[in-house]
Amino acid sequence: MDTALSDADAKAFSLKVLSDIFGFHPDMNPAPMDDGNILVRYNHPAVNVVLSETAKAHWQEIEKRHLDGLTSDEVLITPLGQNKFDDFGKQALLGRAYMFMDAQSPEIIRLVRHA
């Protein structure tokens, strides 16, 4: 994002990115972070972080419902097979689900500028 954008333009840009992710093929590229969290990247300039503490606190539900994070007729190929996920993959799906939930009713509560 251009750091010279006004706050209004930065908010508009951010909302468009979320809309583009929500309306685009739901590709994601998760990566482990040094602190144990997971960074989930998309085909647009946005990321989200799955906090390991949050995942641990809700692990039973994640285990039971992780496939609810797939879109209709979606097939993701993992080293385990089609739509089969290890713990890392289940957490990545959680992160993507959070992004999709946020994108349905986005609300920008704070802009943080890169120095």
# chains A, B, ... in the order shown; residues from 1 in each chain; ligands from 1
>>> residues_around(residues="Lys56 in chain A", least_positions_apart="5", cutoff="12 Å", atoms="only C-alpha atoms", output="list in words")
Gly36, Asn37, Val50, Leu51, Glu61, Ile62, Glu63, Asp87, Phe88, Lys90, Gln91 and Leu94 of chain A
>>> select_by_dssp(residues="chain A", states="alpha helix (DSSP H)", output="ChimeraX atom specification")
/A:7-23,52-57,59-65,87-104
>>> atom_distance(atom1="CA of Glu107 in chain A", atom2="CA of Lys11 in chain A")
9.4 Å
>>> closest_residue(among="A:His114, A:Ala10, A:Phe100, A:Ala92", to="Leu39 in chain A", atoms="only C-alpha atoms")
A:Ala92
>>> residues_around(residues="Phe22 in chain A", least_positions_apart="6", cutoff="9 Å", atoms="only C-alpha atoms", output="CSV table (one decimal) with C-alpha atoms, in the first residue's frame")
chain,number,residue,atom,x,y,z
A,99,MET,CA,-10.3,-13.7,7.2
A,100,PHE,CA,-13.6,-14.7,5.4
A,103,ALA,CA,-14.5,-9.8,5.0
A,104,GLN,CA,-18.2,-10.3,5.2
>>> atom_distance(atom1="CA of His58 in chain A", atom2="CA of Leu80 in chain A")
23.0 Å
>>> residues_around(residues="Pro106 in chain A", least_positions_apart="2", cutoff="9 Å", atoms="only C-alpha atoms", output="PDB file with C-alpha atoms, in the first residue's frame")
ATOM      1  CA  LEU A  15     -11.748  -2.654   2.254  1.00  0.00           C
ATOM      2  CA  LEU A  18     -10.707  -7.738   1.792  1.00  0.00           C
ATOM      3  CA  SER A  19     -13.451  -7.717  -0.817  1.00  0.00           C
ATOM      4  CA  MET A 101     -15.686 -13.870   8.426  1.00  0.00           C
ATOM      5  CA  ASP A 102     -14.036 -10.446   8.688  1.00  0.00           C
ATOM      6  CA  ALA A 103     -14.475  -9.814   4.962  1.00  0.00           C
ATOM      7  CA  GLN A 104     -18.247 -10.329   5.197  1.00  0.00           C
ATOM      8  CA  ILE A 108     -11.485  -0.804  10.111  1.00  0.00           C
TER       9      ILE A 108
END
>>> residues_around(residues="Val47 in chain A", least_positions_apart="3", cutoff="10 Å", atoms="only C-alpha atoms", output="list in words")
Met28, Asn29, Pro30, Leu39, Val40, Arg41, Tyr42, Asn43, His44, Gly95, Arg96 and Met99 of chain A
>>> write_last_selection(atoms="C-alpha atoms", output="PDB file, in the first residue's frame")
ATOM      1  CA  MET A  28      -3.839 -19.226   0.866  1.00  0.00           C
ATOM      2  CA  ASN A  29      -0.186 -19.727   1.629  1.00  0.00           C
ATOM      3  CA  PRO A  30       0.406 -20.460   5.325  1.00  0.00           C
ATOM      4  CA  LEU A  39       1.100 -16.377   9.051  1.00  0.00           C
ATOM      5  CA  VAL A  40      -1.544 -16.867   6.341  1.00  0.00           C
ATOM      6  CA  ARG A  41      -0.912 -15.025   3.045  1.00  0.00           C
ATOM      7  CA  TYR A  42      -3.347 -14.522   0.179  1.00  0.00           C
ATOM      8  CA  ASN A  43      -3.152 -13.574  -3.508  1.00  0.00           C
ATOM      9  CA  HIS A  44      -3.767  -9.974  -2.506  1.00  0.00           C
ATOM     10  CA  GLY A  95      -6.955 -18.347   9.833  1.00  0.00           C
ATOM     11  CA  ARG A  96      -8.592 -18.295   6.419  1.00  0.00           C
ATOM     12  CA  MET A  99     -10.343 -13.687   7.171  1.00  0.00           C
TER      13      MET A  99
END
>>> atom_distance(atom1="CA of Pro45 in chain A", atom2="CA of Ala4 in chain A")
16.5 Å
>>> residues_around(residues="Pro79 in chain A", least_positions_apart="4", cutoff="12 Å", atoms="only C-alpha atoms", output="JSON, numbers by chain")
{"A": [83, 84, 85, 86, 88, 89]}
>>> select_by_dssp(residues="chain A", states="strand (DSSP E)", output="ChimeraX atom specification")
/A:29-32,38-41,47-50,77-78,81-82
